[in-house]
file my_file04.cif (mmCIF, C-alpha atoms and all ligand atoms)
data_data
#
loop_
_atom_site.label_atom_id
_atom_site.label_comp_id
_atom_site.auth_asym_id
_atom_site.auth_seq_id
_atom_site.Cartn_x
_atom_site.Cartn_y
_atom_site.Cartn_z
CA MET A 1 51.82 236.34 46.04
CA ILE A 2 52.54 232.61 46.00
CA ASP A 3 54.08 231.52 49.32
CA GLY A 4 54.29 228.52 51.63
CA ARG A 5 50.59 228.76 52.48
CA THR A 6 49.28 228.86 48.92
CA GLN A 7 46.62 226.20 48.32
CA LEU A 8 46.61 224.51 44.93
CA VAL A 9 43.88 223.18 42.64
CA GLY A 10 43.93 222.64 38.90
CA VAL A 11 42.46 220.87 35.91
CA ILE A 12 43.65 217.52 34.60
CA GLY A 13 42.86 216.89 30.94
CA TRP A 14 44.43 216.42 27.52
CA PRO A 15 44.75 218.97 26.09
CA VAL A 16 44.17 221.71 28.66
CA GLU A 17 45.96 224.72 27.20
CA HIS A 18 42.71 226.26 25.90
CA SER A 19 40.81 225.79 29.17
CA LEU A 20 39.07 228.89 30.54
CA SER A 21 39.04 227.40 34.05
CA PRO A 22 42.41 228.77 35.26
CA ALA A 23 41.37 232.35 34.43
CA MET A 24 37.90 231.79 35.91
CA HIS A 25 39.02 230.30 39.24
CA ASN A 26 42.07 232.52 39.74
CA ALA A 27 39.83 235.59 39.27
CA ALA A 28 37.48 234.17 41.92
CA PHE A 29 40.33 233.51 44.40
CA GLU A 30 41.63 237.02 43.86
CA ALA A 31 38.19 238.60 44.29
CA LEU A 32 37.73 236.84 47.65
CA GLY A 33 41.34 237.44 48.77
CA LEU A 34 42.04 233.69 49.02
CA ASN A 35 45.64 232.50 48.85
CA TRP A 36 44.75 229.77 46.35
CA ARG A 37 45.91 229.13 42.76
CA TYR A 38 44.44 227.07 39.91
CA VAL A 39 46.82 225.57 37.37
CA PRO A 40 46.38 223.71 34.06
CA LEU A 41 47.74 220.16 34.40
CA PRO A 42 48.18 218.33 31.06
CA VAL A 43 47.77 214.61 31.77
CA ALA A 44 48.24 212.23 28.84
CA PRO A 45 45.76 209.39 28.28
CA GLY A 46 46.69 206.44 30.51
CA MET A 47 48.36 208.64 33.12
CA VAL A 48 45.35 209.58 35.22
CA GLU A 49 46.08 207.27 38.16
CA ALA A 50 49.65 208.55 38.45
CA ALA A 51 48.32 212.12 38.15
CA VAL A 52 45.83 211.72 41.01
CA ARG A 53 48.52 210.11 43.21
CA GLY A 54 50.74 213.08 42.30
CA LEU A 55 48.07 215.58 43.34
CA VAL A 56 47.74 213.83 46.69
CA ALA A 57 51.52 213.72 47.20
CA LEU A 58 51.91 217.39 46.25
CA GLY A 59 49.29 218.60 48.70
CA PHE A 60 46.69 219.72 46.15
CA ARG A 61 43.21 220.42 47.59
CA GLY A 62 41.45 219.07 44.52
CA ALA A 63 41.06 219.37 40.77
CA ASN A 64 38.68 219.53 37.89
CA VAL A 65 38.74 216.60 35.51
CA THR A 66 38.06 217.06 31.83
CA VAL A 67 38.26 215.15 28.53
CA PRO A 68 39.48 212.37 28.25
CA HIS A 69 39.67 211.47 31.95
CA LYS A 70 36.12 212.01 33.28
CA GLN A 71 35.35 208.28 33.27
CA SER A 72 38.83 206.77 33.63
CA VAL A 73 39.46 208.71 36.87
CA MET A 74 36.58 206.97 38.65
CA PRO A 75 38.33 203.71 39.71
CA VAL A 76 41.16 205.75 41.24
CA LEU A 77 38.87 207.52 43.74
CA ASP A 78 38.11 206.55 47.36
CA SER A 79 34.47 207.60 47.00
CA THR A 80 32.10 208.87 44.33
CA ALA A 81 29.06 211.08 44.97
CA PRO A 82 25.73 209.47 43.90
CA GLU A 83 25.20 212.13 41.21
CA ALA A 84 28.59 211.37 39.61
CA ALA A 85 27.96 207.62 39.82
CA ALA A 86 24.56 208.03 38.12
CA ILE A 87 26.05 210.12 35.30
CA GLY A 88 29.06 207.80 35.03
CA ALA A 89 31.57 210.65 35.04
CA VAL A 90 33.49 212.81 37.51
CA ASN A 91 34.43 216.42 36.74
CA THR A 92 35.59 217.53 40.20
CA ILE A 93 37.75 215.83 42.81
CA LEU A 94 38.23 216.90 46.40
CA ILE A 95 41.27 215.81 48.41
CA THR A 96 40.83 215.90 52.18
CA ARG A 97 43.47 215.01 54.75
CA GLY A 98 43.05 213.62 58.23
CA PRO A 99 45.17 214.59 61.27
CA ASP A 100 47.70 211.86 60.35
CA ALA A 101 47.87 213.32 56.79
CA THR A 102 45.99 210.32 55.33
CA ALA A 103 44.31 211.60 52.18
CA THR A 104 40.83 210.79 50.90
CA VAL A 105 39.99 211.49 47.26
CA SER A 106 36.29 212.06 46.54
CA GLY A 107 34.68 212.48 43.13
CA TYR A 108 31.76 214.74 42.19
CA ASN A 109 29.98 215.80 39.06
CA THR A 110 28.89 219.46 39.01
CA ASP A 111 27.87 219.52 35.33
CA ALA A 112 24.25 218.41 35.89
CA GLN A 113 23.48 220.97 38.59
CA GLY A 114 25.62 223.57 36.79
CA PHE A 115 23.47 223.12 33.70
CA ILE A 116 20.23 223.44 35.69
CA ASN A 117 21.51 226.54 37.55
CA ALA A 118 22.47 228.16 34.23
CA LEU A 119 19.07 227.25 32.74
CA ARG A 120 17.24 228.87 35.66
CA ARG A 121 19.51 231.91 35.57
CA GLY A 122 18.58 232.17 31.90
CA GLY A 123 14.91 232.38 32.93
CA PHE A 124 13.77 228.83 32.13
CA GLU A 125 12.18 226.58 34.79
CA PRO A 126 12.47 222.94 33.63
CA GLN A 127 9.82 221.50 35.99
CA GLY A 128 6.94 220.07 33.92
CA THR A 129 8.53 220.75 30.53
CA ARG A 130 9.22 218.70 27.39
CA VAL A 131 12.82 218.82 26.24
CA ILE A 132 14.86 217.85 23.17
CA VAL A 133 18.48 217.01 23.96
CA VAL A 134 20.69 216.75 20.88
CA GLY A 135 23.81 214.63 21.41
CA ALA A 136 24.51 211.59 23.57
CA GLY A 137 28.08 212.09 24.80
CA GLY A 138 29.34 212.86 28.29
CA ALA A 139 27.79 216.33 28.43
CA ALA A 140 24.40 214.96 27.32
CA ARG A 141 24.43 212.47 30.22
CA ALA A 142 24.88 215.28 32.73
CA VAL A 143 22.22 217.45 31.05
CA VAL A 144 19.68 214.61 30.95
CA ARG A 145 20.37 213.66 34.56
CA GLY A 146 19.93 217.30 35.63
CA LEU A 147 16.65 217.62 33.70
CA LEU A 148 15.25 214.40 35.21
CA ALA A 149 16.10 215.58 38.72
CA ALA A 150 14.60 219.02 38.01
CA GLY A 151 11.24 217.53 36.97
CA ALA A 152 11.15 217.61 33.16
CA VAL A 153 8.23 215.40 32.05
CA GLN A 154 9.52 214.23 28.66
CA ILE A 155 13.06 214.15 27.29
CA THR A 156 13.85 213.07 23.73
CA VAL A 157 17.51 212.38 23.05
CA LEU A 158 18.44 212.81 19.37
CA ASN A 159 21.86 211.65 18.26
CA ARG A 160 23.66 211.12 14.95
CA THR A 161 24.60 207.63 16.19
CA LEU A 162 21.31 206.17 17.42
CA GLU A 163 23.00 203.33 19.40
CA ARG A 164 24.71 205.85 21.65
CA ALA A 165 21.42 207.61 22.44
CA LEU A 166 19.79 204.24 23.16
CA ARG A 167 22.66 203.35 25.52
CA LEU A 168 22.29 206.69 27.30
CA ILE A 169 18.58 206.23 27.95
CA SER A 170 19.03 202.62 28.99
CA ASP A 171 21.84 203.57 31.43
CA LEU A 172 19.78 206.37 32.99
CA GLY A 173 16.69 204.11 32.96
CA ASP A 174 13.73 206.47 33.27
CA PRO A 175 10.34 206.18 31.52
CA ARG A 176 10.43 209.89 30.62
CA LEU A 177 13.31 209.21 28.18
CA THR A 178 13.10 208.29 24.48
CA ALA A 179 15.79 208.18 21.79
CA GLN A 180 15.76 208.96 18.07
CA GLU A 181 18.29 209.26 15.29
CA LEU A 182 19.22 212.89 14.61
CA THR A 183 18.20 214.09 11.15
CA PRO A 184 17.06 217.59 10.12
CA GLU A 185 13.49 216.23 9.83
CA SER A 186 13.46 214.38 13.18
CA LEU A 187 14.81 217.48 14.92
CA VAL A 188 12.25 219.89 13.44
CA THR A 189 9.38 217.48 14.16
CA ALA A 190 10.49 216.80 17.74
CA ALA A 191 11.05 220.50 18.44
CA ASP A 192 7.42 221.17 17.54
CA GLY A 193 6.25 219.46 20.72
CA ALA A 194 8.87 220.83 23.11
CA GLU A 195 9.57 223.89 25.23
CA LEU A 196 13.36 223.52 25.44
CA LEU A 197 16.04 222.49 22.93
CA VAL A 198 19.54 221.76 24.21
CA ASN A 199 22.55 221.26 21.95
CA THR A 200 25.15 219.08 23.65
CA THR A 201 27.05 218.21 20.45
CA THR A 202 30.28 219.85 19.35
CA VAL A 203 28.55 221.20 16.23
CA GLY A 204 29.11 224.96 15.88
CA MET A 205 32.23 225.01 18.03
CA TRP A 206 35.23 227.05 16.89
CA PRO A 207 36.75 226.72 14.29
CA ASP A 208 33.65 225.24 12.55
CA VAL A 209 31.54 228.22 13.53
CA GLN A 210 29.15 227.96 10.56
CA GLY A 211 27.95 224.54 11.72
CA SER A 212 24.48 224.15 13.25
CA ILE A 213 22.26 221.21 14.16
CA TRP A 214 19.24 223.25 12.96
CA PRO A 215 18.58 223.19 9.19
CA ALA A 216 19.27 226.49 7.38
CA GLY A 217 16.21 228.40 6.20
CA VAL A 218 13.80 226.74 8.65
CA PRO A 219 12.56 229.07 11.41
CA VAL A 220 13.10 227.92 14.99
CA PRO A 221 9.71 227.82 16.81
CA SER A 222 9.58 231.12 18.66
CA ARG A 223 8.13 229.60 21.86
CA LEU A 224 11.26 227.44 22.25
CA THR A 225 14.12 228.24 24.57
CA VAL A 226 17.39 227.15 22.95
CA PHE A 227 20.41 226.34 25.12
CA ASP A 228 23.75 225.68 23.41
CA LEU A 229 26.48 224.09 25.55
CA VAL A 230 29.08 225.34 23.07
CA TYR A 231 30.53 228.63 24.41
CA ASN A 232 33.19 229.38 21.80
CA PRO A 233 31.79 231.34 20.03
CA LEU A 234 29.38 232.74 22.63
CA GLU A 235 26.68 233.21 20.01
CA THR A 236 26.78 230.03 17.91
CA SER A 237 25.07 229.70 14.53
CA LEU A 238 22.28 227.80 16.32
CA LEU A 239 21.72 230.60 18.84
CA ARG A 240 21.75 233.17 16.04
CA GLN A 241 19.09 231.21 14.11
CA ALA A 242 17.02 230.97 17.31
CA ARG A 243 17.38 234.68 18.15
CA LYS A 244 16.43 235.71 14.61
CA SER A 245 13.31 233.50 14.84
CA GLY A 246 12.29 235.19 18.10
CA ALA A 247 13.18 232.26 20.41
CA GLN A 248 14.86 232.70 23.80
CA THR A 249 18.55 231.77 23.88
CA ILE A 250 21.03 230.75 26.59
CA ASP A 251 24.75 230.43 25.85
CA GLY A 252 27.11 227.73 27.14
CA LEU A 253 29.26 230.04 29.25
CA GLY A 254 26.59 230.10 31.95
CA MET A 255 26.97 226.34 32.46
CA LEU A 256 30.76 226.54 32.48
CA VAL A 257 30.59 229.21 35.18
CA GLU A 258 27.92 227.45 37.25
CA GLN A 259 29.70 224.06 37.23
CA GLY A 260 32.90 225.92 38.15
CA ALA A 261 31.13 227.80 40.95
CA LEU A 262 29.93 224.51 42.44
CA ALA A 263 33.47 223.06 42.26
CA PHE A 264 34.83 226.24 43.89
CA GLU A 265 32.36 225.77 46.75
CA ILE A 266 33.31 222.09 47.17
CA TRP A 267 37.00 223.02 47.50
CA THR A 268 36.83 226.23 49.52
CA GLY A 269 33.52 225.92 51.39
CA GLN A 270 32.77 229.52 50.37
CA PRO A 271 30.10 230.92 48.02
CA ALA A 272 31.63 231.49 44.58
CA PRO A 273 31.63 234.98 42.99
CA SER A 274 29.98 233.80 39.77
CA GLU A 275 29.77 237.27 38.15
CA VAL A 276 33.54 237.69 38.56
CA MET A 277 34.03 234.21 37.11
CA ARG A 278 31.89 234.91 34.05
CA ALA A 279 33.65 238.23 33.41
CA ALA A 280 37.05 236.49 33.55
CA CYS A 281 35.89 233.89 31.00
CA GLU A 282 34.50 236.55 28.66
CA LYS A 283 37.77 238.48 28.85
CA GLN A 284 39.73 235.33 28.02
CA LEU A 285 37.42 234.51 25.09
CA ARG A 286 37.70 238.07 23.75
CA ALA A 287 41.50 237.85 23.95
CA GLY A 288 41.25 234.87 21.59
CA ARG A 289 42.89 232.62 24.18
P1 LIG B 1 31.47 213.90 23.38
O1 LIG B 1 31.29 212.94 24.51
O2 LIG B 1 32.63 213.71 22.46
O3 LIG B 1 30.10 213.88 22.51
C1 LIG B 1 30.03 214.60 21.32
C2 LIG B 1 28.60 214.56 20.78
O4 LIG B 1 28.56 215.39 19.61
C3 LIG B 1 28.12 213.17 20.35
O5 LIG B 1 26.74 213.06 20.63
C4 LIG B 1 28.37 213.20 18.83
O6 LIG B 1 27.53 212.34 18.11
C5 LIG B 1 27.99 214.64 18.53
N1 LIG B 1 28.55 215.11 17.26
C6 LIG B 1 29.85 215.40 16.99
N2 LIG B 1 29.97 215.83 15.72
C7 LIG B 1 28.72 215.81 15.19
C8 LIG B 1 28.18 216.15 13.90
N3 LIG B 1 28.95 216.61 12.92
N4 LIG B 1 26.85 216.04 13.74
C9 LIG B 1 26.04 215.60 14.72
N5 LIG B 1 26.49 215.25 15.96
C10 LIG B 1 27.81 215.37 16.18
O7 LIG B 1 31.59 215.38 23.90
P2 LIG B 1 30.97 216.01 25.26
O8 LIG B 1 31.96 215.89 26.36
O9 LIG B 1 29.60 215.47 25.45
O10 LIG B 1 30.91 217.57 24.87
C11 LIG B 1 30.02 218.02 23.87
C12 LIG B 1 30.06 219.54 23.78
O11 LIG B 1 29.59 220.12 24.99
C13 LIG B 1 31.47 220.14 23.55
O12 LIG B 1 31.33 221.21 22.63
C14 LIG B 1 31.85 220.67 24.92
O13 LIG B 1 32.75 221.78 24.83
C15 LIG B 1 30.49 221.12 25.42
N6 LIG B 1 30.44 221.18 26.90
C16 LIG B 1 30.16 222.38 27.46
C17 LIG B 1 30.06 222.48 28.83
C18 LIG B 1 29.74 223.80 29.44
O14 LIG B 1 29.97 223.97 30.64
N7 LIG B 1 29.20 224.75 28.68
C19 LIG B 1 30.25 221.35 29.65
C20 LIG B 1 30.53 220.11 29.04
C21 LIG B 1 30.63 220.06 27.65
P3 LIG B 1 27.97 210.82 17.79
O15 LIG B 1 27.66 210.04 19.04
O16 LIG B 1 27.15 210.44 16.62
O17 LIG B 1 29.46 210.85 17.48
#

call {"tool": "encode", "arguments": {"input": "my_file04.cif", "output": "structure tokens", "more": "lines below"}}
Ligand code: NAP
result
Amino acid sequence: MIDGRTQLVGVIGWPVEHSLSPAMHNAAFEALGLNWRYVPLPVAPGMVEAAVRGLVALGFRGANVTVPHKQSVMPVLDSTAPEAAAIGAVNTILITRGPDATATVSGYNTDAQGFINALRRGGFEPQGTRVIVVGAGGAARAVVRGLLAAGAVQITVLNRTLERALRLISDLGDPRLTAQELTPESLVTAADGAELLVNTTTVGMWPDVQGSIWPAGVPVPSRLTVFDLVYNPLETSLLRQARKSGAQTIDGLGMLVEQGALAFEIWTGQPAPSEVMRAACEKQLRAGR
């Protein structure tokens, strides 16, 4: 029941109607008997400052931030966690209030640790490994930052637009990083010397479900673990190619759940029921959203 004590969080983005986060977080609140609700909050480009002021005025406890506001929200915040500053993007905000009702808005990024938690849950320990990251957008920045912190020894960033990959590695500034242009040949060659391949591009995402970064007809090295950030569909063409070649696979839903679980803990201070959260996402995906 929603009443005068109900605590509110939500997601600001554009669009947000397909987000799995409301189902995921509301299932978690219900499972723990918390009088909290999570609502989708469509915020048009250019409106993020007004939206954050609105959240503060309306008594919200926090929010997730998604495309296209992850960077543009940063100047509006009172403080930014070092991890979010290093990635250059915020995906979670926390609103705290002092005794005189003065609000403080803090920004976090749970994508990097969410990715690493999902990787470990999938049975892969990144410490000491060589990794290929395909893509150089916002998600790639979080993935690379997480891998550096978790002790990967070599990370090659392959992107269709080489300049963007070069900018990513220069921004994160670490000698373990190199960048290359993404071509079928560069990918297959690079994968030969790696233990982990991560797709952070949108390739393979519904409705273009036939798309894959990996060339058709070429086996995926079976000692590779392949992680696809795309979670709709759960088994992408890339993961199917990897599975059929005998490689280990990890789907993108694990990262969505783990980054959500970390946000849940930031807001509520309670351990998140991640199994409940994953089940709610799967149900929503099966229902075709
Ligand atoms: P983004 O900033 O827009 O970056 C998109 C990336 O995809 C760029 O590197 C882009 O390359 C590449 N790309 C797009 N179309 C391509 C094509 N046809 N061939 C090769 N590369 C292509 O997006 P993002 O925020 O990083 O998100 C990327 C994906 O990760 C999305 O599918 C998103 O849903 C997913 N994601 C999942 C989670 C999770 O929790 N599982 C979290 C965050 C994001 P160019 O630079 O050349 O354009």

call {"tool": "residues_near_ligand", "arguments": {"input": "my_file04.cif", "ligand": "ligand LIG 1 (chain B)", "cutoff": "6 Å", "atoms": "all atoms listed in the file", "output": "list in words"}}
result
Gly135, Ala136, Gly137, Gly138, Ala139, Ala140, Asn159, Arg160, Thr161, Arg164, Thr200, Thr201, Thr202, Val203, Leu229, Val230, Tyr231, Gly252, Leu253, Met255 and Leu256 of chain A

call {"tool": "closest_residue", "arguments": {"input": "my_file04.cif", "among": "A:Gly173, A:Pro45, A:Gly269, A:Gly254", "to": "Arg120 (chain A)", "atoms": "all atoms listed in the file"}}
result
A:Gly254

call {"tool": "closest_residue", "arguments": {"input": "my_file04.cif", "among": "A:Ser72, A:Thr66, A:Gln284, A:Asn117", "to": "Met47 (chain A)", "atoms": "all atoms listed in the file"}}
result
A:Ser72

call {"tool": "atom_distance", "arguments": {"input": "my_file04.cif", "atom1": "CA of Leu41 (chain A)", "atom2": "CA of Gly107 (chain A)"}}
result
17.5 Å

call {"tool": "residues_around", "arguments": {"input": "my_file04.cif", "residues": "region 4-6 of chain A", "least_positions_apart": "5", "cutoff": "8 Å", "atoms": "only C-alpha atoms", "output": "VMD selection string"}}
result
chain A and resid 35 to 37

call {"tool": "write_last_selection", "arguments": {"input": "my_file04.cif", "atoms": "C-alpha atoms", "output": "short mmCIF file (atom, residue, chain, number, x, y, z; two decimals), in the frame of the given file"}}
result
data_model
loop_
_atom_site.label_atom_id
_atom_site.label_comp_id
_atom_site.auth_asym_id
_atom_site.auth_seq_id
_atom_site.Cartn_x
_atom_site.Cartn_y
_atom_site.Cartn_z
CA ASN A 35 45.64 232.50 48.85
CA TRP A 36 44.75 229.77 46.35
CA ARG A 37 45.91 229.13 42.76
#

call {"tool": "residues_around", "arguments": {"input": "my_file04.cif", "residues": "Thr129 (chain A)", "least_positions_apart": "2", "cutoff": "12 Å", "atoms": "all atoms listed in the file", "output": "ChimeraX atom specification"}}
result
/A:124-127,131-132,147-148,150-156,176,193-197,224-225

call {"tool": "closest_residue", "arguments": {"input": "my_file04.cif", "among": "A:Ile213, A:Val226, A:Val188, A:Val276", "to": "Lys244 (chain A)", "atoms": "all atoms listed in the file"}}
result
A:Val226

call {"tool": "axis_aligned_box", "arguments": {"input": "my_file04.cif", "around": "region 8-25 of chain A", "padding_each_side": "4 Å", "output": "lines of an AutoDock Vina configuration file"}}
result
center_x = 42.3
center_y = 224.4
center_z = 35.4
size_x = 16.7
size_y = 23.9
size_z = 27.0

call {"tool": "closest_residue", "arguments": {"input": "my_file04.cif", "among": "A:Leu162, A:Leu172, A:Ala263, A:Val11", "to": "Val143 (chain A)", "atoms": "all atoms listed in the file"}}
result
A:Leu172

call {"tool": "residues_near_point", "arguments": {"input": "my_file04.cif", "point": "(15.0, 234.4, 22.1)", "cutoff": "10 Å", "atoms": "all atoms listed in the file", "output": "PDB file with C-alpha atoms, in the frame of the given file"}}
result
ATOM      1  CA  VAL A 220      13.100 227.920  14.990  1.00  0.00           C
ATOM      2  CA  PRO A 221       9.710 227.820  16.810  1.00  0.00           C
ATOM      3  CA  SER A 222       9.580 231.120  18.660  1.00  0.00           C
ATOM      4  CA  ARG A 223       8.130 229.600  21.860  1.00  0.00           C
ATOM      5  CA  LEU A 224      11.260 227.440  22.250  1.00  0.00           C
ATOM      6  CA  THR A 225      14.120 228.240  24.570  1.00  0.00           C
ATOM      7  CA  VAL A 226      17.390 227.150  22.950  1.00  0.00           C
ATOM      8  CA  LEU A 239      21.720 230.600  18.840  1.00  0.00           C
ATOM      9  CA  ARG A 240      21.750 233.170  16.040  1.00  0.00           C
ATOM     10  CA  GLN A 241      19.090 231.210  14.110  1.00  0.00           C
ATOM     11  CA  ALA A 242      17.020 230.970  17.310  1.00  0.00           C
ATOM     12  CA  ARG A 243      17.380 234.680  18.150  1.00  0.00           C
ATOM     13  CA  LYS A 244      16.430 235.710  14.610  1.00  0.00           C
ATOM     14  CA  SER A 245      13.310 233.500  14.840  1.00  0.00           C
ATOM     15  CA  GLY A 246      12.290 235.190  18.100  1.00  0.00           C
ATOM     16  CA  ALA A 247      13.180 232.260  20.410  1.00  0.00           C
ATOM     17  CA  GLN A 248      14.860 232.700  23.800  1.00  0.00           C
ATOM     18  CA  THR A 249      18.550 231.770  23.880  1.00  0.00           C
ATOM     19  CA  ILE A 250      21.030 230.750  26.590  1.00  0.00           C
TER      20      ILE A 250
END

call {"tool": "residues_around", "arguments": {"input": "my_file04.cif", "residues": "His25 (chain A)", "least_positions_apart": "2", "cutoff": "9 Å", "atoms": "only C-alpha atoms", "output": "ChimeraX atom specification"}}
result
/A:20-23,27-30,37-38,260-261,264,277,280

call {"tool": "residues_around", "arguments": {"input": "my_file04.cif", "residues": "Leu238 (chain A)", "least_positions_apart": "6", "cutoff": "9 Å", "atoms": "all atoms listed in the file", "output": "ChimeraX atom specification"}}
result
/A:199,204,210-214,226,228

call {"tool": "atom_distance", "arguments": {"input": "my_file04.cif", "atom1": "CA of Ser237 (chain A)", "atom2": "CA of Trp206 (chain A)"}}
result
10.8 Å

call {"tool": "atom_distance", "arguments": {"input": "my_file04.cif", "atom1": "CA of Ala85 (chain A)", "atom2": "CA of Leu8 (chain A)"}}
result
25.7 Å

call {"tool": "residues_near_point", "arguments": {"input": "my_file04.cif", "point": "(14.7, 212.9, 22.9)", "cutoff": "7 Å", "atoms": "all atoms listed in the file", "output": "PyMOL selection string"}}
result
chain A and resi 132-133+155-158+177-180

call {"tool": "closest_residue", "arguments": {"input": "my_file04.cif", "among": "A:Asn232, A:Gln270, A:Gly114, A:Val56", "to": "Leu32 (chain A)", "atoms": "only C-alpha atoms"}}
result
A:Gln270

call {"tool": "closest_residue", "arguments": {"input": "my_file04.cif", "among": "A:Ala57, A:Ala50, A:Leu94, A:Leu182", "to": "Leu262 (chain A)", "atoms": "all atoms listed in the file"}}
result
A:Leu94
